[in-house]
2 protein chains.
Amino acid sequence: MTRITAEPLSPEGFADYGQVIDCSGAPDKIINDGRCGRYHDRAALDFVGGRAGVSLFRSDPVALPYSFDLVERHPDGSQAFLPMTEHPFLVIVAPDLGGHPGRPRAFLTTPGQGINFFRSTWHGVLTPLHEPGLFAVVDRIGIGENLEEFRYPDRFTIDPPP
Amino acid sequence: MTRITAEPLSPEGFADYGQVIDCSGAPDKIINDGRCGRYHDRAALDFVGGRAGVSLFRSDPVALPYSFDLVERHPDGSQAFLPMTEHPFLVIVAPDLGGHPGRPRAFLTTPGQGINFFRSTWHGVLTPLHEPGLFAVVDRIGIGENLEEFRYPDRFTIDPPP
């Protein structure tokens, strides 16, 4: 059993895995008579042989420390998780080492943050930390399985940040 | 000044204007070892000469009764509003009467509901009722203005449901 400490989510730390989707920085445009800021086109959507769609995921929450051995990736499309609550959630990713995942990393979001995984990025399954574990998901709609799973020979346990 | 009473949002009531995006009914698929339900492809995305993108909108909230005279529509694309909080929000729409909007209708969401406007649907600007007025928005990314505005000669005031 290997222990991994969750890191605060930041665009720099997450850059190899995808985008952080939040309202950091100035809005790209002010709309609605000055009442609303638009943070424009913050996810690199990338689909092969399909199209973008909006689905909802409702997941049971998990608790930290959180133990797992399964990761997955979607070879045909990026996947964005947009929380429909103000609760932080856990994001688990792993680098690709020639077709299989390396040592995982874990990131803890702050309220108001979503993420988008690059196409083919190894990641853990959705891990909300609070009820309701409700997310809008923008991913590929199309034919084909678009799923590759990998089970590590040993389990990892994610600890909260110190 | 014409008064309009907000209605609870339902798929039937909203059918002429777009989709309600929520977890009603059974999930289309159970994923993640049984821990998560997927409510699949719940928005009819429809873009002309562009592509889907994910943006964030952060808007000042409004209060009921809410008075307005401006609506808009996007001739080149659908637009989905997905709240990143558990607060209800107000959705204002109007039927099209040969190129200009008719009498508005107003819908009040319940927590966990988002909406997607059909392409070219007349609608009010984003009207959260609580801080933070934070939404993920899936709409058209592309060249062109993709915006038509209409100002009614008289103002409307939206009252809360009785």
# chains A, B, ... in the order shown; residues from 1 in each chain; ligands from 1
call {"tool": "interface_residues", "arguments": {"of": "chain A", "to": "chain B", "cutoff": "6 Å", "atoms": "only C-alpha atoms", "output": "number ranges by chain"}}
result
A: 35-43, 53-60, 83-86
call {"tool": "write_last_selection", "arguments": {"atoms": "N, CA, C and O atoms", "output": "short mmCIF file (atom, residue, chain, number, x, y, z; two decimals), in the first residue's frame"}}
result
data_model
loop_
_atom_site.label_atom_id
_atom_site.label_comp_id
_atom_site.auth_asym_id
_atom_site.auth_seq_id
_atom_site.Cartn_x
_atom_site.Cartn_y
_atom_site.Cartn_z
N ARG A 35 -23.52 43.04 -15.54
CA ARG A 35 -23.83 42.23 -14.36
C ARG A 35 -23.12 40.88 -14.34
O ARG A 35 -23.12 40.18 -13.31
N CYS A 36 -22.53 40.46 -15.45
CA CYS A 36 -22.03 39.09 -15.57
C CYS A 36 -20.69 39.05 -16.30
O CYS A 36 -20.50 39.73 -17.31
N GLY A 37 -19.77 38.27 -15.78
CA GLY A 37 -18.48 38.05 -16.44
C GLY A 37 -18.48 36.71 -17.15
O GLY A 37 -18.93 35.71 -16.59
N ARG A 38 -17.97 36.71 -18.39
CA ARG A 38 -17.84 35.46 -19.14
C ARG A 38 -16.37 35.04 -19.16
O ARG A 38 -15.51 35.80 -19.64
N TYR A 39 -16.08 33.86 -18.65
CA TYR A 39 -14.74 33.27 -18.66
C TYR A 39 -14.78 32.25 -19.80
O TYR A 39 -15.30 31.15 -19.65
N HIS A 40 -14.25 32.65 -20.92
CA HIS A 40 -14.60 32.10 -22.23
C HIS A 40 -13.79 30.86 -22.59
O HIS A 40 -12.55 30.89 -22.53
N ASP A 41 -14.47 29.79 -22.97
CA ASP A 41 -13.87 28.65 -23.66
C ASP A 41 -12.69 28.09 -22.87
O ASP A 41 -11.57 28.02 -23.38
N ARG A 42 -12.96 27.64 -21.65
CA ARG A 42 -11.90 27.26 -20.72
C ARG A 42 -11.50 25.79 -20.77
O ARG A 42 -10.65 25.36 -19.99
N ALA A 43 -12.11 24.99 -21.64
CA ALA A 43 -11.78 23.56 -21.71
C ALA A 43 -11.38 23.20 -23.14
O ALA A 43 -12.04 23.60 -24.09
N GLY A 53 -21.30 16.26 -25.74
CA GLY A 53 -22.61 16.15 -25.14
C GLY A 53 -22.55 16.52 -23.68
O GLY A 53 -21.47 16.53 -23.07
N VAL A 54 -23.71 16.84 -23.13
CA VAL A 54 -23.82 17.18 -21.71
C VAL A 54 -24.58 16.06 -21.00
O VAL A 54 -25.72 15.77 -21.35
N SER A 55 -23.93 15.44 -20.03
CA SER A 55 -24.57 14.42 -19.21
C SER A 55 -24.45 14.84 -17.74
O SER A 55 -23.66 15.72 -17.42
N LEU A 56 -25.23 14.23 -16.88
CA LEU A 56 -25.04 14.43 -15.43
C LEU A 56 -24.54 13.13 -14.83
O LEU A 56 -24.95 12.04 -15.24
N PHE A 57 -23.64 13.26 -13.87
CA PHE A 57 -23.18 12.11 -13.09
C PHE A 57 -23.59 12.37 -11.64
O PHE A 57 -23.36 13.46 -11.11
N ARG A 58 -24.20 11.38 -11.02
CA ARG A 58 -24.50 11.47 -9.59
C ARG A 58 -23.82 10.30 -8.90
O ARG A 58 -24.17 9.14 -9.12
N SER A 59 -22.84 10.61 -8.08
CA SER A 59 -21.99 9.58 -7.47
C SER A 59 -22.08 9.61 -5.95
O SER A 59 -22.16 10.68 -5.34
N ASP A 60 -22.02 8.44 -5.35
CA ASP A 60 -21.83 8.39 -3.91
C ASP A 60 -20.49 9.05 -3.57
O ASP A 60 -19.51 8.88 -4.30
N PRO A 83 -18.67 20.53 -11.13
CA PRO A 83 -19.51 20.25 -9.97
C PRO A 83 -20.75 21.14 -9.95
O PRO A 83 -20.67 22.32 -10.25
N MET A 84 -21.90 20.56 -9.61
CA MET A 84 -23.14 21.34 -9.47
C MET A 84 -23.41 21.64 -8.00
O MET A 84 -24.55 21.84 -7.59
N THR A 85 -22.35 21.66 -7.22
CA THR A 85 -22.39 22.05 -5.81
C THR A 85 -21.14 22.90 -5.55
O THR A 85 -20.26 23.01 -6.41
N GLU A 86 -21.07 23.47 -4.34
CA GLU A 86 -19.89 24.25 -3.97
C GLU A 86 -18.90 23.43 -3.14
O GLU A 86 -18.03 23.98 -2.47
#
call {"tool": "calpha_fit_and_write", "arguments": {"fixed": "chain B", "moving": "chain A", "output": "mmCIF file with C-alpha atoms, in the first residue's frame"}}
result
data_model
loop_
_atom_site.group_PDB
_atom_site.id
_atom_site.type_symbol
_atom_site.label_atom_id
_atom_site.label_comp_id
_atom_site.auth_asym_id
_atom_site.auth_seq_id
_atom_site.Cartn_x
_atom_site.Cartn_y
_atom_site.Cartn_z
ATOM 1 C CA MET A 1 -45.910 47.151 -16.230
ATOM 2 C CA THR A 2 -47.156 43.579 -16.674
ATOM 3 C CA ARG A 3 -46.748 41.071 -13.839
ATOM 4 C CA ILE A 4 -45.797 37.460 -14.547
ATOM 5 C CA THR A 5 -45.787 34.682 -11.969
ATOM 6 C CA ALA A 6 -42.834 32.318 -12.090
ATOM 7 C CA GLU A 7 -43.745 28.659 -12.651
ATOM 8 C CA PRO A 8 -41.878 25.643 -11.298
ATOM 9 C CA LEU A 9 -39.555 24.343 -14.012
ATOM 10 C CA SER A 10 -40.681 21.083 -15.597
ATOM 11 C CA PRO A 11 -39.719 19.302 -18.843
ATOM 12 C CA GLU A 12 -43.315 19.590 -20.087
ATOM 13 C CA GLY A 13 -43.626 23.306 -19.390
ATOM 14 C CA PHE A 14 -40.201 24.018 -20.862
ATOM 15 C CA ALA A 15 -40.553 21.763 -23.932
ATOM 16 C CA ASP A 16 -41.029 24.619 -26.413
ATOM 17 C CA TYR A 17 -37.858 26.346 -25.213
ATOM 18 C CA GLY A 18 -35.329 23.583 -24.561
ATOM 19 C CA GLN A 19 -34.391 20.824 -22.134
ATOM 20 C CA VAL A 20 -34.377 20.550 -18.369
ATOM 21 C CA ILE A 21 -31.071 18.908 -17.400
ATOM 22 C CA ASP A 22 -31.441 16.994 -14.158
ATOM 23 C CA CYS A 23 -31.305 13.506 -12.633
ATOM 24 C CA SER A 24 -35.006 12.737 -12.867
ATOM 25 C CA GLY A 25 -35.814 9.149 -13.770
ATOM 26 C CA ALA A 26 -33.437 6.215 -13.650
ATOM 27 C CA PRO A 27 -29.826 6.674 -14.716
ATOM 28 C CA ASP A 28 -29.043 5.537 -18.240
ATOM 29 C CA LYS A 29 -25.988 3.646 -17.047
ATOM 30 C CA ILE A 30 -24.381 2.676 -13.751
ATOM 31 C CA ILE A 31 -20.617 3.180 -13.752
ATOM 32 C CA ASN A 32 -17.647 3.166 -11.375
ATOM 33 C CA ASP A 33 -18.366 -0.207 -9.726
ATOM 34 C CA GLY A 34 -21.964 0.770 -9.020
ATOM 35 C CA ARG A 35 -21.106 4.008 -7.245
ATOM 36 C CA CYS A 36 -22.225 6.467 -9.944
ATOM 37 C CA GLY A 37 -25.222 6.956 -12.219
ATOM 38 C CA ARG A 38 -24.787 8.474 -15.672
ATOM 39 C CA TYR A 39 -27.742 10.525 -16.992
ATOM 40 C CA HIS A 40 -26.631 10.451 -20.575
ATOM 41 C CA ASP A 41 -26.646 13.196 -23.216
ATOM 42 C CA ARG A 42 -29.400 15.352 -21.715
ATOM 43 C CA ALA A 43 -28.974 18.508 -23.843
ATOM 44 C CA ALA A 44 -29.755 18.905 -27.551
ATOM 45 C CA LEU A 45 -26.585 20.779 -28.511
ATOM 46 C CA ASP A 46 -27.083 22.503 -31.875
ATOM 47 C CA PHE A 47 -24.433 24.743 -33.427
ATOM 48 C CA VAL A 48 -24.205 26.376 -36.838
ATOM 49 C CA GLY A 49 -20.728 27.191 -38.125
ATOM 50 C CA GLY A 50 -18.997 26.689 -34.803
ATOM 51 C CA ARG A 51 -18.341 24.121 -32.094
ATOM 52 C CA ALA A 52 -19.232 23.383 -28.490
ATOM 53 C CA GLY A 53 -17.217 25.009 -25.731
ATOM 54 C CA VAL A 54 -17.267 25.227 -21.953
ATOM 55 C CA SER A 55 -17.230 28.692 -20.397
ATOM 56 C CA LEU A 56 -18.038 29.946 -16.898
ATOM 57 C CA PHE A 57 -20.439 32.788 -16.194
ATOM 58 C CA ARG A 58 -20.312 34.614 -12.870
ATOM 59 C CA SER A 59 -23.265 36.946 -12.446
ATOM 60 C CA ASP A 60 -24.532 39.225 -9.731
ATOM 61 C CA PRO A 61 -27.774 37.792 -8.348
ATOM 62 C CA VAL A 62 -31.171 39.403 -8.772
ATOM 63 C CA ALA A 63 -34.123 39.422 -6.341
ATOM 64 C CA LEU A 64 -37.803 38.649 -6.850
ATOM 65 C CA PRO A 65 -39.919 40.521 -7.799
ATOM 66 C CA TYR A 66 -37.558 41.091 -10.748
ATOM 67 C CA SER A 67 -38.220 43.709 -13.398
ATOM 68 C CA PHE A 68 -36.797 43.621 -16.946
ATOM 69 C CA ASP A 69 -37.436 44.720 -20.513
ATOM 70 C CA LEU A 70 -34.558 43.038 -22.402
ATOM 71 C CA VAL A 71 -34.417 39.586 -23.933
ATOM 72 C CA GLU A 72 -31.953 38.070 -26.379
ATOM 73 C CA ARG A 73 -31.417 35.041 -28.577
ATOM 74 C CA HIS A 74 -28.526 33.249 -30.242
ATOM 75 C CA PRO A 75 -29.364 32.396 -33.862
ATOM 76 C CA ASP A 76 -26.305 30.172 -34.316
ATOM 77 C CA GLY A 77 -26.388 27.998 -31.245
ATOM 78 C CA SER A 78 -28.060 26.362 -28.276
ATOM 79 C CA GLN A 79 -26.943 27.464 -24.804
ATOM 80 C CA ALA A 80 -26.846 25.374 -21.638
ATOM 81 C CA PHE A 81 -26.708 26.877 -18.132
ATOM 82 C CA LEU A 82 -25.445 24.451 -15.496
ATOM 83 C CA PRO A 83 -25.387 25.926 -11.981
ATOM 84 C CA MET A 84 -22.191 25.270 -9.987
ATOM 85 C CA THR A 85 -24.149 25.753 -6.762
ATOM 86 C CA GLU A 86 -27.238 24.136 -5.234
ATOM 87 C CA HIS A 87 -29.257 27.361 -5.453
ATOM 88 C CA PRO A 88 -32.370 27.689 -7.622
ATOM 89 C CA PHE A 89 -32.272 30.286 -10.390
ATOM 90 C CA LEU A 90 -34.758 32.080 -12.583
ATOM 91 C CA VAL A 91 -35.177 31.211 -16.278
ATOM 92 C CA ILE A 92 -37.030 33.697 -18.495
ATOM 93 C CA VAL A 93 -38.089 32.757 -22.031
ATOM 94 C CA ALA A 94 -40.486 34.031 -24.661
ATOM 95 C CA PRO A 95 -42.116 32.481 -27.733
ATOM 96 C CA ASP A 96 -41.109 33.826 -31.131
ATOM 97 C CA LEU A 97 -43.872 35.656 -33.006
ATOM 98 C CA GLY A 98 -42.535 36.036 -36.519
ATOM 99 C CA GLY A 99 -39.168 37.441 -35.531
ATOM 100 C CA HIS A 100 -39.929 39.228 -32.297
ATOM 101 C CA PRO A 101 -40.623 37.837 -28.821
ATOM 102 C CA GLY A 102 -44.124 37.425 -27.410
ATOM 103 C CA ARG A 103 -45.208 37.525 -23.783
ATOM 104 C CA PRO A 104 -42.440 36.157 -21.540
ATOM 105 C CA ARG A 105 -42.721 33.164 -19.248
ATOM 106 C CA ALA A 106 -40.587 32.602 -16.165
ATOM 107 C CA PHE A 107 -39.521 29.336 -14.574
ATOM 108 C CA LEU A 108 -37.937 28.716 -11.202
ATOM 109 C CA THR A 109 -35.501 25.799 -10.997
ATOM 110 C CA THR A 110 -35.017 23.477 -8.059
ATOM 111 C CA PRO A 111 -31.521 22.544 -6.817
ATOM 112 C CA GLY A 112 -29.752 20.175 -9.208
ATOM 113 C CA GLN A 113 -31.460 21.466 -12.345
ATOM 114 C CA GLY A 114 -29.798 23.058 -15.344
ATOM 115 C CA ILE A 115 -31.351 24.006 -18.660
ATOM 116 C CA ASN A 116 -30.445 24.108 -22.344
ATOM 117 C CA PHE A 117 -32.083 26.660 -24.620
ATOM 118 C CA PHE A 118 -32.828 25.602 -28.185
ATOM 119 C CA ARG A 119 -30.995 27.619 -30.823
ATOM 120 C CA SER A 120 -32.804 30.941 -31.507
ATOM 121 C CA THR A 121 -34.933 30.794 -28.351
ATOM 122 C CA TRP A 122 -35.720 34.207 -26.881
ATOM 123 C CA HIS A 123 -34.553 34.323 -23.262
ATOM 124 C CA GLY A 124 -33.730 36.712 -20.489
ATOM 125 C CA VAL A 125 -30.153 37.217 -19.391
ATOM 126 C CA LEU A 126 -28.776 34.954 -16.662
ATOM 127 C CA THR A 127 -30.683 35.558 -13.423
ATOM 128 C CA PRO A 128 -29.285 33.766 -10.386
ATOM 129 C CA LEU A 129 -31.108 34.483 -7.130
ATOM 130 C CA HIS A 130 -28.206 33.846 -4.740
ATOM 131 C CA GLU A 131 -24.483 34.417 -4.401
ATOM 132 C CA PRO A 132 -22.348 33.070 -5.962
ATOM 133 C CA GLY A 133 -24.091 33.289 -9.329
ATOM 134 C CA LEU A 134 -21.713 30.770 -10.858
ATOM 135 C CA PHE A 135 -22.611 28.664 -13.897
ATOM 136 C CA ALA A 136 -20.894 26.394 -16.377
ATOM 137 C CA VAL A 137 -22.145 27.316 -19.834
ATOM 138 C CA VAL A 138 -21.991 25.069 -22.894
ATOM 139 C CA ASP A 139 -22.582 27.146 -25.987
ATOM 140 C CA ARG A 140 -21.248 27.913 -29.435
ATOM 141 C CA ILE A 141 -17.636 28.956 -29.918
ATOM 142 C CA GLY A 142 -17.128 30.519 -33.332
ATOM 143 C CA ILE A 143 -16.894 33.684 -35.331
ATOM 144 C CA GLY A 144 -19.814 36.088 -35.683
ATOM 145 C CA GLU A 145 -21.911 37.990 -33.169
ATOM 146 C CA ASN A 146 -24.519 35.234 -32.639
ATOM 147 C CA LEU A 147 -26.629 37.653 -30.623
ATOM 148 C CA GLU A 148 -29.962 39.354 -31.261
ATOM 149 C CA GLU A 149 -31.426 41.605 -28.585
ATOM 150 C CA PHE A 150 -34.971 42.881 -28.167
ATOM 151 C CA ARG A 151 -36.187 45.532 -25.759
ATOM 152 C CA TYR A 152 -39.898 45.409 -24.975
ATOM 153 C CA PRO A 153 -41.726 48.778 -25.041
ATOM 154 C CA ASP A 154 -42.934 48.100 -21.477
ATOM 155 C CA ARG A 155 -41.296 46.389 -18.540
ATOM 156 C CA PHE A 156 -42.351 43.054 -17.053
ATOM 157 C CA THR A 157 -42.090 42.099 -13.399
ATOM 158 C CA ILE A 158 -41.611 38.480 -12.348
ATOM 159 C CA ASP A 159 -43.251 37.454 -9.065
ATOM 160 C CA PRO A 160 -42.316 34.321 -7.141
ATOM 161 C CA PRO A 161 -44.657 31.315 -7.332
ATOM 162 C CA PRO A 162 -47.604 31.624 -4.914
#
call {"tool": "select_by_dssp", "arguments": {"residues": "range 41-136 of chain A", "states": "strand (DSSP E)", "output": "MDAnalysis selection string"}}
result
chainID A and resid 51:59 66:73 79:83 89:94 96:97 100:101 105:108 114:117 122:123 127:128 133:136
